[in-house]
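Asker: The structure file target17.csv (CSV, C-alpha atoms and all ligand atoms) is provided below.
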```
chain,number,residue,atom,x,y,z
A,1,MET,CA,-27.2,25.7,-36.5
A,2,ASN,CA,-25.7,27.9,-33.8
A,3,HIS,CA,-27.9,29.1,-30.9
A,4,ILE,CA,-28.7,32.7,-30.3
A,5,ILE,CA,-30.1,34.2,-27.1
A,6,THR,CA,-31.3,37.8,-27.4
A,7,ILE,CA,-31.5,40.3,-24.5
A,8,ASP,CA,-33.1,43.7,-25.3
A,9,GLY,CA,-34.0,46.6,-23.1
A,10,PRO,CA,-33.5,50.2,-22.3
A,11,ALA,CA,-30.3,51.9,-21.0
A,12,GLY,CA,-29.4,51.0,-17.5
A,13,SER,CA,-31.5,47.9,-17.3
A,14,GLY,CA,-28.4,45.8,-16.6
A,15,LYS,CA,-28.3,44.2,-20.0
A,16,SER,CA,-24.5,44.3,-20.5
A,17,THR,CA,-23.5,42.9,-17.2
A,18,ILE,CA,-26.2,40.3,-17.2
A,19,SER,CA,-25.5,39.2,-20.9
A,20,ARG,CA,-21.8,38.9,-20.1
A,21,ILE,CA,-22.4,36.7,-17.0
A,22,LEU,CA,-25.0,34.6,-18.8
A,23,ALA,CA,-22.8,34.0,-21.8
A,24,LYS,CA,-19.9,33.0,-19.6
A,25,LYS,CA,-22.0,30.6,-17.6
A,26,ILE,CA,-23.3,28.7,-20.6
A,27,GLY,CA,-20.1,28.9,-22.7
A,28,TYR,CA,-21.5,31.3,-25.3
A,29,SER,CA,-19.9,34.4,-26.8
A,30,TYR,CA,-21.2,37.8,-26.0
A,31,LEU,CA,-22.2,40.4,-28.6
A,32,ASP,CA,-22.6,44.0,-27.4
A,33,THR,CA,-24.4,45.7,-30.3
A,34,GLY,CA,-24.7,49.1,-28.5
A,35,ALA,CA,-20.9,49.3,-28.6
A,36,MET,CA,-21.1,49.1,-32.4
A,37,TYR,CA,-23.5,52.1,-32.6
A,38,ARG,CA,-21.2,53.9,-30.2
A,39,ALA,CA,-18.2,53.3,-32.4
A,40,VAL,CA,-20.1,54.7,-35.4
A,41,ALA,CA,-20.9,57.9,-33.3
A,42,LEU,CA,-17.2,58.2,-32.3
A,43,VAL,CA,-15.9,57.9,-35.8
A,44,ALA,CA,-18.6,60.2,-37.2
A,45,LYS,CA,-17.6,62.9,-34.7
A,46,ARG,CA,-13.9,62.4,-35.4
A,47,LYS,CA,-14.4,62.7,-39.2
A,48,GLY,CA,-16.9,65.5,-39.0
A,49,VAL,CA,-19.7,63.5,-40.6
A,50,GLY,CA,-23.0,65.2,-39.8
A,51,PHE,CA,-25.4,63.2,-37.6
A,52,HIS,CA,-28.2,63.9,-40.2
A,53,ASP,CA,-26.0,63.1,-43.2
A,54,ASP,CA,-27.6,59.6,-43.8
A,55,LYS,CA,-25.5,58.9,-46.9
A,56,GLY,CA,-22.2,60.0,-45.3
A,57,LEU,CA,-22.9,57.9,-42.3
A,58,GLY,CA,-23.7,54.9,-44.5
A,59,ILE,CA,-20.4,55.3,-46.3
A,60,LEU,CA,-18.6,55.6,-43.0
A,61,CYS,CA,-20.2,52.4,-41.6
A,62,ASN,CA,-19.2,50.4,-44.6
A,63,SER,CA,-15.6,51.4,-44.2
A,64,LEU,CA,-15.3,50.8,-40.5
A,65,ASN,CA,-12.8,48.2,-39.3
A,66,LEU,CA,-14.5,47.1,-36.1
A,67,GLN,CA,-13.5,44.0,-34.2
A,68,PHE,CA,-14.2,42.6,-30.7
A,69,ASP,CA,-11.2,41.2,-28.8
A,70,ARG,CA,-12.9,38.3,-27.1
A,71,ASP,CA,-9.9,37.2,-25.2
A,72,ALA,CA,-10.2,40.2,-23.0
A,73,ASP,CA,-12.7,40.3,-20.1
A,74,PRO,CA,-14.8,42.3,-20.5
A,75,PRO,CA,-14.3,42.1,-24.3
A,76,ARG,CA,-12.7,45.2,-25.9
A,77,LEU,CA,-13.8,46.9,-29.1
A,78,LEU,CA,-11.1,47.6,-31.6
A,79,LEU,CA,-11.2,50.2,-34.4
A,80,GLY,CA,-8.3,48.9,-36.5
A,81,LYS,CA,-5.7,48.5,-33.9
A,82,GLU,CA,-7.0,51.2,-31.6
A,83,ASP,CA,-8.9,50.1,-28.4
A,84,ILE,CA,-11.9,52.4,-28.3
A,85,SER,CA,-13.7,50.6,-25.4
A,86,GLY,CA,-13.3,53.5,-23.0
A,87,LEU,CA,-13.8,56.3,-25.4
A,88,ILE,CA,-17.3,55.1,-26.5
A,89,ARG,CA,-18.7,55.1,-22.9
A,90,SER,CA,-18.9,58.9,-22.3
A,91,PRO,CA,-22.3,60.7,-21.7
A,92,GLU,CA,-21.7,62.4,-25.1
A,93,MET,CA,-21.4,59.1,-26.8
A,94,ASP,CA,-24.6,57.9,-25.1
A,95,MET,CA,-26.6,60.6,-26.8
A,96,LEU,CA,-24.7,60.6,-30.2
A,97,SER,CA,-25.0,56.8,-30.5
A,98,SER,CA,-28.7,57.1,-30.0
A,99,LYS,CA,-28.8,59.7,-32.7
A,100,VAL,CA,-26.9,57.7,-35.3
A,101,SER,CA,-28.8,54.6,-34.5
A,102,ALA,CA,-32.0,56.1,-35.9
A,103,VAL,CA,-30.4,56.4,-39.4
A,104,GLY,CA,-31.5,53.6,-41.9
A,105,GLU,CA,-28.1,53.3,-43.6
A,106,VAL,CA,-26.4,52.8,-40.2
A,107,ARG,CA,-28.9,50.2,-39.0
A,108,GLU,CA,-28.6,48.3,-42.3
A,109,ALA,CA,-24.8,48.1,-42.1
A,110,MET,CA,-24.8,47.2,-38.4
A,111,THR,CA,-27.5,44.6,-38.7
A,112,GLY,CA,-25.5,42.9,-41.5
A,113,LEU,CA,-22.3,43.0,-39.4
A,114,GLN,CA,-24.1,41.7,-36.3
A,115,ARG,CA,-25.5,38.7,-38.2
A,116,LYS,CA,-22.1,38.0,-39.7
A,117,ILE,CA,-20.3,38.1,-36.3
A,118,ALA,CA,-22.9,35.8,-34.7
A,119,LYS,CA,-22.6,33.1,-37.3
A,120,GLY,CA,-21.0,29.8,-36.3
A,121,SER,CA,-21.1,29.7,-32.5
A,122,GLY,CA,-23.5,30.3,-29.6
A,123,TYR,CA,-24.1,33.9,-28.9
A,124,VAL,CA,-25.8,36.1,-26.3
A,125,ALA,CA,-26.7,39.2,-28.3
A,126,GLU,CA,-27.8,42.3,-26.4
A,127,GLY,CA,-29.2,45.6,-27.7
A,128,ARG,CA,-32.5,47.2,-28.6
A,129,ASP,CA,-33.7,45.2,-31.7
A,130,MET,CA,-32.0,41.8,-31.3
A,131,GLY,CA,-35.2,39.8,-30.8
A,132,THR,CA,-37.4,41.9,-33.0
A,133,VAL,CA,-35.2,42.6,-36.1
A,134,VAL,CA,-31.7,41.2,-36.1
A,135,PHE,CA,-32.3,37.7,-34.8
A,136,PRO,CA,-36.1,37.1,-35.0
A,137,GLU,CA,-35.5,33.3,-35.1
A,138,ALA,CA,-33.4,33.3,-31.9
A,139,ASP,CA,-33.8,30.3,-29.6
A,140,TRP,CA,-34.5,32.4,-26.5
A,141,LYS,CA,-35.5,36.0,-26.1
A,142,PHE,CA,-35.4,38.2,-23.1
A,143,TYR,CA,-36.5,41.8,-22.5
A,144,LEU,CA,-35.0,43.4,-19.5
A,145,THR,CA,-36.5,46.4,-17.9
A,146,ALA,CA,-36.4,48.4,-14.6
A,147,SER,CA,-37.9,51.6,-13.2
A,148,CYS,CA,-36.5,54.8,-14.7
A,149,GLU,CA,-35.2,55.8,-11.2
A,150,SER,CA,-33.3,52.6,-10.7
A,151,ARG,CA,-31.8,52.6,-14.2
A,152,ALA,CA,-30.7,56.2,-13.8
A,153,GLY,CA,-29.2,55.3,-10.4
A,154,ARG,CA,-27.2,52.4,-12.0
A,155,ARG,CA,-26.0,54.6,-14.8
A,156,TYR,CA,-25.0,57.4,-12.4
A,157,GLU,CA,-22.9,54.9,-10.3
A,158,GLU,CA,-21.3,53.5,-13.5
A,159,LEU,CA,-20.3,57.0,-14.7
A,160,LEU,CA,-18.9,57.9,-11.3
A,161,GLY,CA,-16.9,54.6,-11.3
A,162,ARG,CA,-15.4,55.7,-14.6
A,163,GLY,CA,-14.3,59.0,-13.1
A,164,GLU,CA,-16.8,61.1,-14.9
A,165,THR,CA,-18.1,64.3,-13.2
A,166,VAL,CA,-21.9,64.1,-13.5
A,167,LEU,CA,-25.0,65.1,-11.7
A,168,ARG,CA,-27.7,62.5,-10.8
A,169,ASN,CA,-30.6,64.6,-12.1
A,170,VAL,CA,-28.7,65.3,-15.4
A,171,VAL,CA,-28.0,61.5,-15.8
A,172,GLU,CA,-31.7,60.8,-15.3
A,173,ALA,CA,-32.9,63.5,-17.7
A,174,ASP,CA,-30.4,62.2,-20.4
A,175,LEU,CA,-31.6,58.6,-19.8
A,176,LYS,CA,-35.2,59.6,-20.3
A,177,LYS,CA,-34.4,61.5,-23.5
A,178,ARG,CA,-32.4,58.6,-24.9
A,179,ASP,CA,-35.2,56.1,-24.0
A,180,ASN,CA,-37.6,58.4,-25.8
A,181,GLN,CA,-35.5,58.5,-28.9
A,182,ASP,CA,-34.8,54.8,-28.9
A,183,ARG,CA,-38.5,53.9,-28.3
A,184,ASN,CA,-40.1,56.3,-30.8
A,185,ARG,CA,-37.8,56.2,-33.8
A,186,PRO,CA,-39.5,54.7,-36.9
A,187,LEU,CA,-36.8,52.1,-37.6
A,188,SER,CA,-36.3,49.1,-35.3
A,189,PRO,CA,-37.6,51.0,-32.2
A,190,LEU,CA,-36.9,49.6,-28.7
A,191,ARG,CA,-39.8,47.2,-27.8
A,192,PRO,CA,-40.1,43.6,-26.6
A,193,ALA,CA,-40.4,40.8,-29.1
A,194,GLU,CA,-43.8,39.1,-28.8
A,195,ASP,CA,-42.1,35.9,-27.8
A,196,ALA,CA,-39.7,37.5,-25.3
A,197,LEU,CA,-39.7,36.8,-21.6
A,198,ILE,CA,-40.0,40.2,-19.9
A,199,ILE,CA,-38.0,40.6,-16.7
A,200,ASP,CA,-38.3,43.6,-14.4
A,201,SER,CA,-35.0,43.9,-12.6
A,202,THR,CA,-36.0,46.9,-10.4
A,203,THR,CA,-36.0,44.8,-7.2
A,204,LEU,CA,-33.7,42.0,-8.4
A,205,THR,CA,-30.0,41.6,-8.0
A,206,ILE,CA,-27.9,40.7,-11.1
A,207,GLU,CA,-27.4,37.2,-9.8
A,208,GLU,CA,-31.2,36.8,-9.4
A,209,VAL,CA,-31.9,38.0,-13.0
A,210,VAL,CA,-29.3,35.5,-14.3
A,211,GLU,CA,-31.0,32.8,-12.3
A,212,VAL,CA,-34.4,33.6,-13.8
A,213,MET,CA,-32.8,33.4,-17.3
A,214,LEU,CA,-31.0,30.1,-16.6
A,215,ASN,CA,-34.2,28.6,-15.3
A,216,HIS,CA,-36.1,29.7,-18.4
A,217,LEU,CA,-33.4,28.2,-20.6
A,218,LYS,CA,-33.7,24.9,-18.7
A,219,GLN,CA,-37.4,24.8,-19.0
A,220,SER,CA,-37.8,25.5,-22.7
B,301,LIG,O1,-26.8,49.7,-25.3
B,301,LIG,P1,-26.1,51.0,-25.4
B,301,LIG,O2,-26.5,52.0,-24.3
B,301,LIG,O3,-24.6,50.9,-25.4
B,301,LIG,O4,-26.6,51.6,-26.8
B,301,LIG,C1,-26.2,52.9,-27.3
B,301,LIG,C2,-27.2,53.3,-28.3
B,301,LIG,O5,-27.2,52.5,-29.4
B,301,LIG,C3,-28.7,53.3,-27.8
B,301,LIG,O6,-29.1,54.5,-27.2
B,301,LIG,C4,-29.5,52.9,-29.0
B,301,LIG,C5,-28.5,52.3,-30.0
B,301,LIG,N1,-28.7,50.9,-30.1
B,301,LIG,C6,-29.6,50.5,-31.1
B,301,LIG,O7,-30.3,51.3,-31.7
B,301,LIG,N2,-29.7,49.2,-31.4
B,301,LIG,C7,-29.1,48.2,-30.7
B,301,LIG,N3,-29.2,47.0,-31.1
B,301,LIG,C8,-28.1,48.6,-29.7
B,301,LIG,C9,-28.0,49.9,-29.4
```
Transcribe the structure of this file into structure tokens.
Answerer:
Amino acid sequence: MNHIITIDGPAGSGKSTISRILAKKIGYSYLDTGAMYRAVALVAKRKGVGFHDDKGLGILCNSLNLQFDRDADPPRLLLGKEDISGLIRSPEMDMLSSKVSAVGEVREAMTGLQRKIAKGSGYVAEGRDMGTVVFPEADWKFYLTASCESRAGRRYEELLGRGETVLRNVVEADLKKRDNQDRNRPLSPLRPAEDALIIDSTTLTIEEVVEVMLNHLKQS
């Protein structure tokens, strides 16, 4: 049986970077499930499918040709042959992906796809419901959190780095709104699995968080 490590947590908690580094260090593959919800949002917008059209979104999900190019570092997300990795990272896609992720048909399709992708080799899977819903039998589970202020600060720096023109207070307000949506939706809300190790990264560096995780893997 292949081993799965889950890392869940809110936006800006450092999940993606940390998951990628951890996966590399232990020779596992890395699964960015947020990117998959972002891809659904991008295609829904392109095709004009309403964000409350549950049935239409379900049909769209089942016809998506999504693939991760794992040879690239960081891995790229391909829609057919199109590399959509950059397009899905805008502030607009932050909010739209959170919206589509609340729809049952979308969650069902993505959960199936995530389980299919992770079959057969070791995976570090990051998202919101990895430890609670998608991989409840995972070998190790982590929940990464940090103060809202520090998460907003990281997100702000990340967006500036991508060349986006954004205001710090708008980034923080959007982050709070998205957290609220992701935590309070009825289906697979963001919360730590009961058996997850909770790590607060507010005052830790990325390397320190990875170290805490590696120690936990060694001990259990
Ligand atoms: O991790 P991220 O910021 O790229 O995720 C974008 C949105 O996708 C997030 O606001 C909620 C949703 N999401 C989810 O509902 N379940 C997951 N496993 C991953 C992401």
Asker: Kindly give the distance, in Å, that separates CA of Trp140 (chain A) and CA of Arg178 (chain A), rounded to a single decimal.
Answerer: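 Computed distance, CA of Trp140 (chain A) to CA of Arg178 (chain A), equals 26.3 Å.
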Asker: So which one's closest to ligand LIG 301 (chain B), A:Pro10, A:Gly120, A:Pro192, A:Gly112? Using all atoms listed in the file, please.
Answerer: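 Among the listed residues, A:Pro10 lies closest to ligand LIG 301 (chain B).
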Asker: Need the shell around Arg155 (chain A): protein/DNA/RNA residues with any atom at most 12 Å away, counting only C-alpha atoms. Skip same-chain ones fewer than 6 positions apart. Format as a ChimeraX atom specification?
Answerer: /A:10-16,89-91,94,148-149,161-162,164,166-176
Asker: Between CA of Ala109 (chain A) and CA of Gly58 (chain A), what distance in Å does the model show, to one decimal?
Answerer: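 CA of Gly58 (chain A) lies at a distance of 7.3 Å from CA of Ala109 (chain A).
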Asker: Between CA of Thr6 (chain A) and CA of Gly80 (chain A), what is the distance in Å, rounded to a tenth?
Answerer: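 Straight-line distance from CA of Thr6 (chain A) to CA of Gly80 (chain A) works out to 27.1 Å.
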Asker: How close does chain A get to ligand LIG 301 (chain B)? List, as JSON lines, each residue of chain A within 7 Å, its nearest atom pair and the distance in Å to one decimal, counting only C-alpha atoms and all ligand atoms.
Answerer:
```
{"residue": "A:Ala11", "atom": "CA", "partner": "B:LIG301", "partner_atom": "O2", "distance": 5.0}
{"residue": "A:Thr33", "atom": "CA", "partner": "B:LIG301", "partner_atom": "C8", "distance": 4.7}
{"residue": "A:Gly34", "atom": "CA", "partner": "B:LIG301", "partner_atom": "C9", "distance": 3.5}
{"residue": "A:Ala35", "atom": "CA", "partner": "B:LIG301", "partner_atom": "O3", "distance": 5.1}
{"residue": "A:Tyr37", "atom": "CA", "partner": "B:LIG301", "partner_atom": "O5", "distance": 4.9}
{"residue": "A:Arg38", "atom": "CA", "partner": "B:LIG301", "partner_atom": "C1", "distance": 5.9}
{"residue": "A:Asp94", "atom": "CA", "partner": "B:LIG301", "partner_atom": "C1", "distance": 5.7}
{"residue": "A:Met95", "atom": "CA", "partner": "B:LIG301", "partner_atom": "O6", "distance": 6.6}
{"residue": "A:Ser97", "atom": "CA", "partner": "B:LIG301", "partner_atom": "C2", "distance": 4.7}
{"residue": "A:Ser98", "atom": "CA", "partner": "B:LIG301", "partner_atom": "O6", "distance": 3.8}
{"residue": "A:Ser101", "atom": "CA", "partner": "B:LIG301", "partner_atom": "O7", "distance": 4.6}
{"residue": "A:Ala102", "atom": "CA", "partner": "B:LIG301", "partner_atom": "O7", "distance": 6.6}
{"residue": "A:Glu126", "atom": "CA", "partner": "B:LIG301", "partner_atom": "N3", "distance": 6.8}
{"residue": "A:Gly127", "atom": "CA", "partner": "B:LIG301", "partner_atom": "N3", "distance": 3.7}
{"residue": "A:Arg128", "atom": "CA", "partner": "B:LIG301", "partner_atom": "C7", "distance": 4.1}
{"residue": "A:Asp129", "atom": "CA", "partner": "B:LIG301", "partner_atom": "N3", "distance": 4.9}
{"residue": "A:Met130", "atom": "CA", "partner": "B:LIG301", "partner_atom": "N3", "distance": 5.9}
{"residue": "A:Arg178", "atom": "CA", "partner": "B:LIG301", "partner_atom": "O6", "distance": 5.7}
{"residue": "A:Asp182", "atom": "CA", "partner": "B:LIG301", "partner_atom": "C4", "distance": 5.6}
```
Asker: Env of Cys61 (chain A): 9 Å cut, atoms = all atoms listed in the file, seq-sep filter 4 positions within chain, self excluded. Answer as a list in words.
Answerer: Val40, Gly56, Leu57, Asn65, Glu105, Val106, Ala109 and Met110 of chain A
Asker: So, with all atoms listed in the file as the atoms that count, which of A:Lys45, A:His3, A:Lys25, A:Arg191 lies closest to Leu144 (chain A)?
Answerer: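 Closest candidate: A:Arg191.
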Asker: Nearest to Lys177 (chain A): which of A:Ala41, A:Met213, A:Val49, A:Leu96 is it, counting all atoms listed in the file?
Answerer: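 For Lys177 (chain A), the nearest of the given residues is A:Leu96.
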Asker: Which residue out of A:Arg107, A:Arg183, A:Lys119, A:Arg76 has the minimum interatomic distance to Val133 (chain A) when only C-alpha atoms are used?
Answerer: A:Arg107
Asker: Determine the nearest neighbour of Gly131 (chain A) from the options A:Ile198, A:Val210, A:Ala72, A:Ile88, counting all atoms listed in the file.
Answerer: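 Closest to Gly131 (chain A), using all atoms listed in the file: A:Ile198.
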Asker: Residues at most 10 Å from Gly122 (chain A), counting all atoms listed in the file, excluding those fewer than 4 positions away in the same chain, as a list in words?
Answerer: Met1, Asn2, His3, Ile4, Ile5, Ala23, Ile26, Gly27, Tyr28, Ser29, Tyr30 and Ala118 of chain A
Asker: Fewer than 2 positions away in the same chain doesn't count, so skip those; otherwise give me all residues within 8 Å of Ala193 (chain A), counting only C-alpha atoms, as a VMD selection string.
Answerer: chain A and resid 131 to 132 141 143 191 195 to 196
Asker: Can you work out which one of A:Gly9, A:Ala39, A:Pro136, A:Thr111 has the shortest atom-to-atom distance to Glu194 (chain A), counting all atoms listed in the file?
Answerer: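 Once distances to Glu194 (chain A) are computed over all atoms listed in the file, the minimum belongs to A:Pro136.
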